[in-house]
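Source file work-v3.tsv; content: TSV, C-alpha atoms and all ligand atoms.
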```tsv
chain	number	residue	atom	x	y	z
A	17	MET	CA	-25.64	-16.05	-0.36
A	18	ILE	CA	-27.68	-18.53	1.64
A	19	PRO	CA	-27.40	-22.23	0.70
A	20	THR	CA	-30.45	-24.17	-0.46
A	21	SER	CA	-32.02	-26.09	2.41
A	22	PHE	CA	-30.56	-29.47	3.31
A	23	ASP	CA	-30.83	-32.23	5.91
A	24	TYR	CA	-27.97	-32.91	8.26
A	25	VAL	CA	-26.97	-36.26	9.78
A	26	ARG	CA	-24.04	-36.83	12.12
A	27	ALA	CA	-22.76	-40.32	11.26
A	28	GLY	CA	-22.25	-42.60	14.25
A	29	SER	CA	-20.00	-44.98	12.30
A	30	VAL	CA	-18.27	-45.39	8.95
A	31	ARG	CA	-20.84	-48.06	8.12
A	32	GLU	CA	-23.69	-45.60	8.64
A	33	ALA	CA	-21.96	-42.97	6.49
A	34	LEU	CA	-21.42	-45.52	3.70
A	35	GLY	CA	-25.07	-46.57	3.89
A	36	LEU	CA	-26.23	-42.98	3.44
A	37	LEU	CA	-23.86	-42.37	0.52
A	38	ALA	CA	-25.05	-45.60	-1.14
A	39	LEU	CA	-28.60	-44.20	-1.42
A	40	GLY	CA	-27.31	-42.26	-4.43
A	41	ASP	CA	-29.58	-39.27	-3.70
A	42	GLY	CA	-26.84	-36.63	-3.88
A	43	THR	CA	-25.95	-36.87	-0.17
A	44	LYS	CA	-22.52	-35.32	0.44
A	45	VAL	CA	-19.95	-35.86	3.14
A	46	ILE	CA	-18.98	-32.93	5.32
A	47	ALA	CA	-15.71	-33.06	7.29
A	48	GLY	CA	-14.32	-29.64	8.30
A	49	GLY	CA	-16.73	-27.81	6.00
A	50	HIS	CA	-14.15	-25.19	5.01
A	51	SER	CA	-14.49	-25.92	1.30
A	52	LEU	CA	-17.94	-27.44	1.11
A	53	LEU	CA	-19.81	-24.68	2.95
A	54	PRO	CA	-18.42	-21.84	0.80
A	55	MET	CA	-19.36	-23.86	-2.31
A	56	MET	CA	-22.89	-24.32	-0.93
A	57	ARG	CA	-23.20	-20.65	-0.06
A	58	PHE	CA	-22.25	-19.74	-3.64
A	59	ARG	CA	-24.74	-22.42	-4.76
A	60	LEU	CA	-22.00	-24.12	-6.74
A	61	VAL	CA	-22.99	-27.23	-4.76
A	62	GLN	CA	-26.55	-28.07	-3.77
A	63	ALA	CA	-26.79	-31.18	-1.62
A	64	PRO	CA	-30.11	-32.46	-0.24
A	65	LYS	CA	-28.33	-34.02	2.74
A	66	LEU	CA	-24.97	-33.72	4.50
A	67	VAL	CA	-23.48	-36.59	6.44
A	68	ASP	CA	-21.01	-35.32	9.01
A	69	ILE	CA	-17.97	-37.58	9.49
A	70	SER	CA	-15.86	-35.18	11.53
A	71	ARG	CA	-16.31	-37.03	14.82
A	72	LEU	CA	-15.63	-40.54	13.54
A	73	GLU	CA	-12.58	-41.66	15.48
A	74	GLU	CA	-12.05	-44.56	13.02
A	75	LEU	CA	-11.13	-42.03	10.34
A	76	ARG	CA	-8.82	-39.91	12.46
A	77	GLY	CA	-5.19	-40.02	13.53
A	78	VAL	CA	-1.73	-41.04	12.38
A	79	GLN	CA	-0.11	-44.45	12.72
A	80	GLU	CA	3.11	-46.06	11.62
A	81	TYR	CA	2.56	-47.96	8.36
A	82	LYS	CA	5.43	-50.12	7.14
A	83	LYS	CA	8.19	-47.52	7.23
A	84	GLY	CA	5.85	-44.67	6.41
A	85	LEU	CA	2.55	-43.32	7.68
A	86	ARG	CA	-1.13	-44.11	7.65
A	87	ILE	CA	-3.10	-40.89	8.02
A	88	GLY	CA	-6.85	-40.94	8.68
A	89	ALA	CA	-8.86	-38.78	6.29
A	90	THR	CA	-10.41	-36.59	9.01
A	91	THR	CA	-7.07	-35.74	10.60
A	92	THR	CA	-6.86	-31.95	10.71
A	93	TYR	CA	-3.98	-29.79	9.52
A	94	ALA	CA	-3.36	-28.69	13.12
A	95	GLU	CA	-2.98	-32.34	14.20
A	96	LEU	CA	-0.61	-33.07	11.31
A	97	ALA	CA	1.50	-30.01	11.98
A	98	ARG	CA	2.27	-31.01	15.56
A	99	HIS	CA	2.26	-34.81	15.27
A	100	PRO	CA	5.67	-36.20	16.36
A	101	LEU	CA	5.53	-39.17	13.97
A	102	VAL	CA	4.68	-36.96	10.99
A	103	ARG	CA	7.46	-34.54	11.90
A	104	GLU	CA	9.95	-37.37	12.23
A	105	ARG	CA	8.95	-39.57	9.27
A	106	CYS	CA	7.77	-37.03	6.74
A	107	PRO	CA	8.45	-33.47	7.90
A	108	VAL	CA	7.24	-31.92	4.65
A	109	ILE	CA	3.64	-32.89	5.50
A	110	ALA	CA	3.87	-31.19	8.91
A	111	GLU	CA	5.51	-28.12	7.36
A	112	VAL	CA	2.87	-27.73	4.67
A	113	ALA	CA	0.02	-28.31	7.15
A	114	ALA	CA	1.44	-25.65	9.50
A	115	ASP	CA	1.48	-23.11	6.69
A	116	ILE	CA	-2.04	-23.56	5.30
A	117	ALA	CA	-4.43	-20.64	5.79
A	118	ASP	CA	-5.10	-19.51	9.36
A	119	ILE	CA	-5.57	-21.24	12.68
A	120	GLN	CA	-9.34	-21.59	12.27
A	121	VAL	CA	-8.94	-23.41	8.96
A	122	ARG	CA	-6.12	-25.57	10.32
A	123	ASN	CA	-8.20	-26.57	13.34
A	124	ARG	CA	-11.19	-27.73	11.27
A	125	GLY	CA	-9.88	-28.44	7.76
A	126	THR	CA	-8.98	-32.08	7.14
A	127	ILE	CA	-6.40	-33.61	4.84
A	128	GLY	CA	-8.99	-35.99	3.36
A	129	GLY	CA	-11.33	-33.07	2.69
A	130	SER	CA	-8.61	-31.19	0.87
A	131	LEU	CA	-7.68	-34.20	-1.29
A	132	ALA	CA	-11.30	-35.13	-2.06
A	133	HIS	CA	-12.09	-31.51	-2.94
A	134	ALA	CA	-9.16	-31.32	-5.41
A	135	ASP	CA	-8.93	-27.55	-5.66
A	136	PRO	CA	-6.27	-26.99	-8.36
A	137	ALA	CA	-4.55	-24.42	-6.09
A	138	SER	CA	-4.45	-26.48	-2.89
A	139	ASP	CA	-1.16	-27.59	-1.41
A	140	MET	CA	-1.54	-31.20	-0.22
A	141	PRO	CA	-2.25	-32.80	-3.63
A	142	ALA	CA	1.24	-31.79	-4.84
A	143	VAL	CA	2.83	-33.20	-1.68
A	144	MET	CA	0.97	-36.50	-2.04
A	145	MET	CA	1.95	-36.83	-5.70
A	146	ALA	CA	5.62	-36.12	-5.08
A	147	LEU	CA	5.69	-38.65	-2.21
A	148	ASP	CA	3.82	-41.24	-4.34
A	149	ALA	CA	1.17	-41.70	-1.65
A	150	GLU	CA	-1.84	-43.98	-1.98
A	151	PHE	CA	-5.43	-43.22	-1.00
A	152	GLN	CA	-7.81	-45.76	0.51
A	153	LEU	CA	-11.44	-45.42	-0.51
A	154	ARG	CA	-14.49	-47.35	0.62
A	155	SER	CA	-18.07	-47.75	-0.52
A	156	LYS	CA	-20.95	-49.98	0.53
A	157	LYS	CA	-21.24	-51.73	-2.82
A	158	GLY	CA	-17.62	-51.69	-3.98
A	159	GLY	CA	-15.87	-52.38	-0.67
A	160	ARG	CA	-12.34	-51.04	-0.27
A	161	ARG	CA	-9.96	-49.97	-2.98
A	162	THR	CA	-6.66	-48.15	-3.21
A	163	ALA	CA	-5.93	-45.32	-5.65
A	164	ARG	CA	-2.51	-43.92	-6.37
A	165	ALA	CA	-2.25	-40.15	-5.75
A	166	ARG	CA	-0.56	-39.85	-9.15
A	167	GLU	CA	-3.70	-41.12	-10.86
A	168	PHE	CA	-6.33	-39.62	-8.56
A	169	PHE	CA	-6.61	-35.96	-9.63
A	170	LYS	CA	-8.43	-35.74	-12.96
A	171	GLY	CA	-9.19	-32.03	-13.28
A	172	ALA	CA	-10.26	-28.95	-11.35
A	173	PHE	CA	-12.40	-30.32	-8.49
A	174	VAL	CA	-12.56	-33.69	-10.24
A	175	THR	CA	-11.08	-36.90	-8.85
A	176	ASP	CA	-11.20	-40.62	-9.43
A	177	MET	CA	-13.74	-41.00	-6.57
A	178	THR	CA	-17.41	-41.83	-7.09
A	179	GLU	CA	-20.17	-40.09	-5.12
A	180	GLU	CA	-20.73	-43.24	-3.08
A	181	GLU	CA	-17.14	-43.50	-1.93
A	182	LEU	CA	-15.68	-42.35	1.34
A	183	PHE	CA	-12.03	-41.36	1.53
A	184	THR	CA	-10.74	-43.23	4.59
A	185	ASP	CA	-6.92	-43.16	4.73
A	186	ILE	CA	-3.76	-41.88	3.15
A	187	LEU	CA	-0.76	-44.22	2.96
A	188	VAL	CA	2.56	-42.40	2.72
A	189	PRO	CA	5.48	-44.67	1.84
A	190	GLY	CA	8.64	-44.60	3.91
A	191	MET	CA	10.98	-41.85	2.77
A	192	GLY	CA	14.11	-44.02	3.09
A	193	ARG	CA	16.98	-41.71	2.25
A	194	ASN	CA	14.76	-39.35	0.28
A	195	ALA	CA	14.00	-35.85	1.48
A	196	ALA	CA	11.15	-33.60	0.38
A	197	VAL	CA	10.60	-29.85	0.37
A	198	TYR	CA	7.57	-27.75	-0.57
A	199	VAL	CA	7.95	-24.21	-1.90
A	200	SER	CA	5.03	-21.98	-2.77
A	201	PHE	CA	4.24	-18.43	-3.76
A	202	ASP	CA	0.89	-17.64	-2.17
A	203	SER	CA	-1.86	-15.19	-2.97
A	204	ALA	CA	-1.67	-12.42	-0.38
A	205	ALA	CA	-5.46	-12.33	-0.17
A	206	SER	CA	-6.36	-16.03	0.20
A	207	GLY	CA	-3.12	-17.81	1.03
A	208	TYR	CA	-3.75	-20.29	-1.79
A	209	ALA	CA	-0.76	-21.15	-3.97
A	210	LEU	CA	-0.24	-19.10	-7.12
A	211	ALA	CA	2.43	-21.70	-7.75
A	212	GLY	CA	3.41	-24.49	-5.37
A	213	VAL	CA	6.01	-27.21	-5.87
A	214	CYS	CA	6.90	-30.31	-3.89
A	215	ALA	CA	10.22	-31.99	-4.72
A	216	SER	CA	11.23	-35.36	-3.31
A	217	ILE	CA	14.86	-36.32	-3.90
A	218	GLY	CA	17.13	-39.24	-3.07
A	219	ARG	CA	20.90	-38.89	-3.23
A	220	LYS	CA	23.85	-41.25	-3.50
A	221	ARG	CA	26.63	-39.04	-2.24
A	222	ALA	CA	26.37	-35.94	-4.45
A	223	THR	CA	24.39	-37.62	-7.23
A	224	ILE	CA	20.59	-37.52	-7.51
A	225	SER	CA	19.38	-41.13	-7.53
A	226	ASP	CA	15.65	-40.44	-7.40
A	227	ILE	CA	13.52	-37.35	-8.10
A	228	SER	CA	9.80	-36.55	-8.22
A	229	VAL	CA	8.48	-33.03	-8.60
A	230	ALA	CA	4.78	-32.08	-8.45
A	231	VAL	CA	3.34	-28.67	-9.29
A	232	THR	CA	0.09	-27.09	-8.08
A	233	GLY	CA	-1.64	-23.75	-8.63
A	234	VAL	CA	-0.68	-23.10	-12.24
A	235	ALA	CA	-2.65	-25.58	-14.31
A	236	GLU	CA	-6.17	-26.95	-14.23
A	237	VAL	CA	-4.90	-29.91	-12.27
A	238	VAL	CA	-1.87	-30.70	-10.13
A	239	PHE	CA	0.76	-32.54	-12.20
A	240	LEU	CA	4.08	-34.37	-12.01
A	241	ALA	CA	6.77	-32.47	-13.86
A	242	GLY	CA	8.41	-35.22	-15.92
A	243	ALA	CA	11.04	-32.83	-17.30
A	244	LEU	CA	12.77	-32.84	-13.91
A	245	GLU	CA	13.61	-36.53	-14.31
A	246	ARG	CA	16.59	-35.48	-16.39
A	247	MET	CA	18.16	-34.31	-13.10
A	248	LYS	CA	18.62	-37.99	-12.22
A	249	ASP	CA	22.28	-39.05	-12.20
A	250	THR	CA	23.39	-35.40	-12.10
A	251	LYS	CA	24.84	-33.46	-9.22
A	252	CYS	CA	22.02	-30.90	-9.28
A	253	ASP	CA	23.74	-28.73	-11.84
A	254	ALA	CA	22.19	-25.23	-11.85
A	255	ALA	CA	22.03	-24.84	-15.65
A	256	VAL	CA	20.42	-28.28	-16.15
A	257	LEU	CA	17.91	-27.49	-13.39
A	258	ALA	CA	16.99	-24.10	-14.85
A	259	ALA	CA	16.44	-25.66	-18.30
A	260	ALA	CA	14.34	-28.50	-16.85
A	261	ALA	CA	12.23	-26.04	-14.81
A	262	LYS	CA	11.56	-23.96	-17.93
A	263	GLU	CA	10.60	-27.05	-19.90
A	264	ALA	CA	8.29	-28.26	-17.11
A	265	VAL	CA	5.98	-25.27	-17.55
A	266	ALA	CA	6.70	-24.40	-21.21
A	267	GLY	CA	3.79	-26.18	-22.88
A	268	LEU	CA	1.22	-25.41	-20.20
A	269	GLU	CA	-1.81	-23.26	-20.78
A	270	ILE	CA	-1.64	-21.05	-17.72
A	271	ALA	CA	-4.65	-18.86	-17.11
A	272	GLY	CA	-4.16	-15.38	-15.73
A	273	ASP	CA	-6.61	-13.96	-13.20
A	274	VAL	CA	-7.01	-11.07	-10.77
A	275	HIS	CA	-4.29	-12.56	-8.57
A	276	ALA	CA	-1.58	-12.92	-11.22
A	277	PRO	CA	-1.20	-12.70	-15.01
A	278	SER	CA	-0.19	-15.93	-16.73
A	279	SER	CA	3.38	-14.77	-17.54
A	280	TYR	CA	4.01	-14.06	-13.85
A	281	ARG	CA	2.58	-17.43	-12.78
A	282	ARG	CA	4.80	-19.19	-15.30
A	283	HIS	CA	7.84	-17.34	-13.96
A	284	ILE	CA	7.14	-18.07	-10.29
A	285	ALA	CA	6.39	-21.71	-11.11
A	286	GLU	CA	9.89	-22.01	-12.59
A	287	VAL	CA	11.42	-20.28	-9.57
A	288	ALA	CA	9.46	-22.52	-7.16
A	289	ILE	CA	10.65	-25.64	-9.02
A	290	ILE	CA	14.27	-24.52	-8.83
A	291	ARG	CA	14.07	-23.65	-5.12
A	292	ALA	CA	12.21	-26.82	-4.16
A	293	VAL	CA	14.70	-29.05	-6.00
A	294	GLU	CA	17.74	-27.24	-4.60
A	295	ARG	CA	16.40	-27.37	-1.04
A	296	ALA	CA	15.34	-31.03	-1.27
A	297	TYR	CA	18.80	-31.85	-2.64
A	298	GLN	CA	20.43	-30.07	0.31
A	299	ARG	CA	18.10	-31.76	2.79
A	300	ALA	CA	18.75	-35.21	1.30
A	301	GLY	CA	22.47	-34.66	1.75
A	302	ALA	CA	22.28	-33.40	5.31
A	401	LIG	C1	-9.92	-18.97	4.36
A	401	LIG	C2	-9.42	-20.25	3.74
A	401	LIG	C3	-8.12	-20.32	3.32
A	401	LIG	C4	-7.61	-21.50	2.77
A	401	LIG	N1	-6.32	-21.55	2.35
A	401	LIG	C5	-5.82	-22.71	1.84
A	401	LIG	C6	-4.47	-22.81	1.44
A	401	LIG	O1	-3.67	-21.89	1.57
A	401	LIG	N2	-4.05	-24.00	0.92
A	401	LIG	C7	-4.89	-25.09	0.78
A	401	LIG	O2	-4.45	-26.12	0.31
A	401	LIG	N3	-6.16	-25.01	1.17
A	401	LIG	C8	-6.66	-23.85	1.70
A	401	LIG	N4	-7.96	-23.79	2.07
A	401	LIG	C9	-8.83	-24.95	1.84
A	401	LIG	C10	-8.77	-25.93	2.96
A	401	LIG	O3	-7.54	-26.60	2.89
A	401	LIG	C11	-9.90	-26.88	2.74
A	401	LIG	O4	-11.09	-26.15	2.92
A	401	LIG	C12	-9.97	-28.01	3.68
A	401	LIG	O5	-8.81	-28.70	3.87
A	401	LIG	C13	-10.96	-29.03	3.17
A	401	LIG	O6	-11.16	-29.93	4.20
A	401	LIG	P1	-12.53	-29.96	4.95
A	401	LIG	O7	-12.38	-31.00	5.99
A	401	LIG	O8	-12.91	-28.60	5.41
A	401	LIG	O9	-13.48	-30.45	3.76
A	401	LIG	P2	-15.03	-30.16	3.54
A	401	LIG	O10	-15.23	-28.73	3.21
A	401	LIG	O11	-15.85	-30.74	4.63
A	401	LIG	O12	-15.25	-31.05	2.22
A	401	LIG	C14	-14.68	-30.70	0.99
A	401	LIG	C15	-15.13	-31.68	-0.09
A	401	LIG	O13	-14.56	-32.95	0.13
A	401	LIG	C16	-15.57	-33.93	0.37
A	401	LIG	N5	-15.07	-34.76	1.46
A	401	LIG	C17	-14.54	-34.32	2.65
A	401	LIG	N6	-14.07	-35.36	3.36
A	401	LIG	C18	-14.34	-36.47	2.62
A	401	LIG	C19	-14.10	-37.86	2.82
A	401	LIG	N7	-13.45	-38.33	3.89
A	401	LIG	N8	-14.51	-38.72	1.86
A	401	LIG	C20	-15.14	-38.27	0.75
A	401	LIG	N9	-15.37	-36.98	0.49
A	401	LIG	C21	-14.97	-36.08	1.42
A	401	LIG	C22	-16.83	-33.14	0.71
A	401	LIG	O14	-18.00	-33.86	0.35
A	401	LIG	C23	-16.64	-31.89	-0.12
A	401	LIG	O15	-17.02	-32.15	-1.44
A	401	LIG	C24	-8.47	-22.63	2.63
A	401	LIG	C25	-9.81	-22.56	3.07
A	401	LIG	C26	-10.28	-21.39	3.63
A	401	LIG	C27	-11.70	-21.34	4.11
```
Using the file provided, produce a representation of the structure as structure tokens.
Amino acid sequence: MIPTSFDYVRAGSVREALGLLALGDGTKVIAGGHSLLPMMRFRLVQAPKLVDISRLEELRGVQEYKKGLRIGATTTYAELARHPLVRERCPVIAEVAADIADIQVRNRGTIGGSLAHADPASDMPAVMMALDAEFQLRSKKGGRRTARAREFFKGAFVTDMTEEELFTDILVPGMGRNAAVYVSFDSAASGYALAGVCASIGRKRATISDISVAVTGVAEVVFLAGALERMKDTKCDAAVLAAAAKEAVAGLEIAGDVHAPSSYRRHIAEVAIIRAVERAYQRAGA
């Protein structure tokens, strides 16, 4: 389909972009356009004006932040995948970015766009939740604020952001002795996760001292699997892990679709949890 007509403005600064969003006339931000344009073509989104932020250098790039990372919202997947600091400090982000879609999407798609879009099958929200990242948001009237990833995703395509806010940065805390791994089973057609799991684990010798596990693709919204917390103070016992993985998805209403029936999604979610936890445990001990 053809989108409804719209105006297009390339923002020359963050200030200009914030001013346009503050008009409250339905203006939307466009970054890589890989999610927004398909939504507009299906007429699921009709915006009177797009403000393009993709060339704003102030929103792009990766810097050291405390012992972790500050990632600009318009940093592309391709940049994340090859960035030496990301690969050194938080390799799971580079690994996930390198595996998203195809080279065209990775060259244009931005991490901020993915997080703001909040597709319930996208990969980065689970990574950000497991790592306990924080998001920096800015608006003309409200100034700057910080939102925790764990409280940001409210539903399918729904976040804590208002229409006037611009997503500016992602703050990823230092990993310390933790290690994280992402495991997903992807749709062969789209590459989106049928079930995707990010596990972040800290170890004291053979014992798990810290664990966070986030799951995407199976529910209406990405979620932290609290059942896995019982792995804390264990030595990653296989039977305890299998029981916790089962419990993590037991009460969920999982919708089936043309890509996978709900029973299969539930099964692969359990398998992805088990593999992600086992691999993160191994990585934390290496
Ligand atoms: C063929 C294909 C395959 C894909 N496969 C995968 C996959 O396997 N896994 C996966 O996770 N994703 C996948 N995607 C989705 C892709 O990750 C997203 O399209 C992309 O990352 C979104 O970023 P963008 O810069 O293109 O956002 P845009 O499309 O420009 O914007 C998306 C939404 O976010 C808003 N937005 C963007 N940036 C900001 C900002 N800084 N502040 C406020 N709001 C903002 C826009 O207004 C819009 O509502 C795929 C997409 C395609 C086209």
Interface rows for chain A against ligand LIG 401 (chain A): nearest pair, Å to one decimal, 6 Å, all atoms listed in the file, as JSON lines:
```
{"residue": "A:Lys44", "atom": "CA", "partner": "A:LIG401", "partner_atom": "O14", "distance": 4.8}
{"residue": "A:Val45", "atom": "CA", "partner": "A:LIG401", "partner_atom": "O14", "distance": 3.9}
{"residue": "A:Ile46", "atom": "CA", "partner": "A:LIG401", "partner_atom": "O11", "distance": 3.9}
{"residue": "A:Ala47", "atom": "CA", "partner": "A:LIG401", "partner_atom": "O11", "distance": 3.5}
{"residue": "A:Gly48", "atom": "CA", "partner": "A:LIG401", "partner_atom": "O7", "distance": 3.3}
{"residue": "A:Gly49", "atom": "CA", "partner": "A:LIG401", "partner_atom": "O10", "distance": 3.3}
{"residue": "A:His50", "atom": "CA", "partner": "A:LIG401", "partner_atom": "O8", "distance": 3.7}
{"residue": "A:Ser51", "atom": "CA", "partner": "A:LIG401", "partner_atom": "O10", "distance": 3.5}
{"residue": "A:Leu52", "atom": "CA", "partner": "A:LIG401", "partner_atom": "O10", "distance": 3.7}
{"residue": "A:Ala89", "atom": "CA", "partner": "A:LIG401", "partner_atom": "N7", "distance": 5.2}
{"residue": "A:Ile116", "atom": "CA", "partner": "A:LIG401", "partner_atom": "O1", "distance": 4.4}
{"residue": "A:Ala117", "atom": "CA", "partner": "A:LIG401", "partner_atom": "N1", "distance": 4.0}
{"residue": "A:Val121", "atom": "CA", "partner": "A:LIG401", "partner_atom": "C26", "distance": 5.9}
{"residue": "A:Gly125", "atom": "CA", "partner": "A:LIG401", "partner_atom": "O8", "distance": 3.8}
{"residue": "A:Thr126", "atom": "CA", "partner": "A:LIG401", "partner_atom": "O7", "distance": 3.7}
{"residue": "A:Ile127", "atom": "CA", "partner": "A:LIG401", "partner_atom": "O5", "distance": 5.6}
{"residue": "A:Gly128", "atom": "CA", "partner": "A:LIG401", "partner_atom": "N7", "distance": 5.1}
{"residue": "A:Gly129", "atom": "CA", "partner": "A:LIG401", "partner_atom": "C17", "distance": 3.4}
{"residue": "A:Ser130", "atom": "CA", "partner": "A:LIG401", "partner_atom": "O5", "distance": 3.9}
{"residue": "A:Ala132", "atom": "CA", "partner": "A:LIG401", "partner_atom": "O13", "distance": 4.5}
{"residue": "A:His133", "atom": "CA", "partner": "A:LIG401", "partner_atom": "C15", "distance": 4.2}
{"residue": "A:Ser138", "atom": "CA", "partner": "A:LIG401", "partner_atom": "O2", "distance": 3.2}
{"residue": "A:Asp139", "atom": "CA", "partner": "A:LIG401", "partner_atom": "O2", "distance": 4.0}
{"residue": "A:Met140", "atom": "CA", "partner": "A:LIG401", "partner_atom": "O2", "distance": 5.9}
{"residue": "A:Leu182", "atom": "CA", "partner": "A:LIG401", "partner_atom": "N8", "distance": 3.8}
{"residue": "A:Phe183", "atom": "CA", "partner": "A:LIG401", "partner_atom": "N8", "distance": 3.6}
{"residue": "A:Thr184", "atom": "CA", "partner": "A:LIG401", "partner_atom": "N7", "distance": 5.6}
{"residue": "A:Ser206", "atom": "CA", "partner": "A:LIG401", "partner_atom": "C3", "distance": 5.6}
{"residue": "A:Gly207", "atom": "CA", "partner": "A:LIG401", "partner_atom": "O1", "distance": 4.2}
{"residue": "A:Tyr208", "atom": "CA", "partner": "A:LIG401", "partner_atom": "O1", "distance": 3.7}
```
**OP:** Give as an NGL selection string every residue, naming chains and numbers as the document does, that has an atom within 9 Å of (-23.9, -32.2, 1.3), counting only C-alpha atoms.
**Re:** :A and (22-24 or 42-46 or 52-53 or 56 or 61-68)
Kindly extract all protein, DNA and RNA residues lying within 9 Å of the coordinates (5.5, -47.1, 7.0) given in the file, considering all atoms listed in the file, and supply them as a short mmCIF file (atom, residue, chain, number, x, y, z; two decimals) with C-alpha atoms, keeping the file's coordinate frame.
```
data_model
loop_
_atom_site.label_atom_id
_atom_site.label_comp_id
_atom_site.auth_asym_id
_atom_site.auth_seq_id
_atom_site.Cartn_x
_atom_site.Cartn_y
_atom_site.Cartn_z
CA GLN A 79 -0.11 -44.45 12.72
CA GLU A 80 3.11 -46.06 11.62
CA TYR A 81 2.56 -47.96 8.36
CA LYS A 82 5.43 -50.12 7.14
CA LYS A 83 8.19 -47.52 7.23
CA GLY A 84 5.85 -44.67 6.41
CA LEU A 85 2.55 -43.32 7.68
CA ARG A 86 -1.13 -44.11 7.65
CA ARG A 105 8.95 -39.57 9.27
CA LEU A 187 -0.76 -44.22 2.96
CA VAL A 188 2.56 -42.40 2.72
CA PRO A 189 5.48 -44.67 1.84
CA GLY A 190 8.64 -44.60 3.91
CA MET A 191 10.98 -41.85 2.77
#
```
Subject >> Surrounding residues of Leu39 of chain A excluding itself and chain neighbours under 4 positions, 10 Å, only C-alpha atoms, as a ChimeraX atom specification >> reply: /A:34-35,43,156,180
**OP:** Between atom CA of Ala243 of chain A and atom CA of Tyr297 of chain A, measure the distance and give it in Å to one decimal.
**Re:** 16.6 Å
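Within the 12 Å cut-off around Ile119 of chain A, using all atoms listed in the file and omitting residues fewer than 4 positions from it on the same chain, the listed residues are Thr92, Tyr93, Ala94, Glu95, Ala97, Ala113, Ala114, Asp115, Asn123, Arg124 and Gly125 of chain A.
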Original post:
Mind pulling up the distance from atom CA of Ala259 of chain A to atom CA of Arg246 of chain A?
Top reply: 10.0 Å
Subject >> Among listed residues A:Asp135, A:Asp176, A:Glu181, A:Glu32, nearest Gly159 of chain A (using all atoms listed in the file) >> reply: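 Closest candidate: A:Glu181.
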Original post:
From the list A:Ala209, A:Ile69, A:Val199, A:Ala230, which residue is nearest Ala146 of chain A when using all atoms listed in the file?
Top reply: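 Of A:Ala209, A:Ile69, A:Val199, A:Ala230, the one nearest Ala146 of chain A is A:Ala230, counting all atoms listed in the file.
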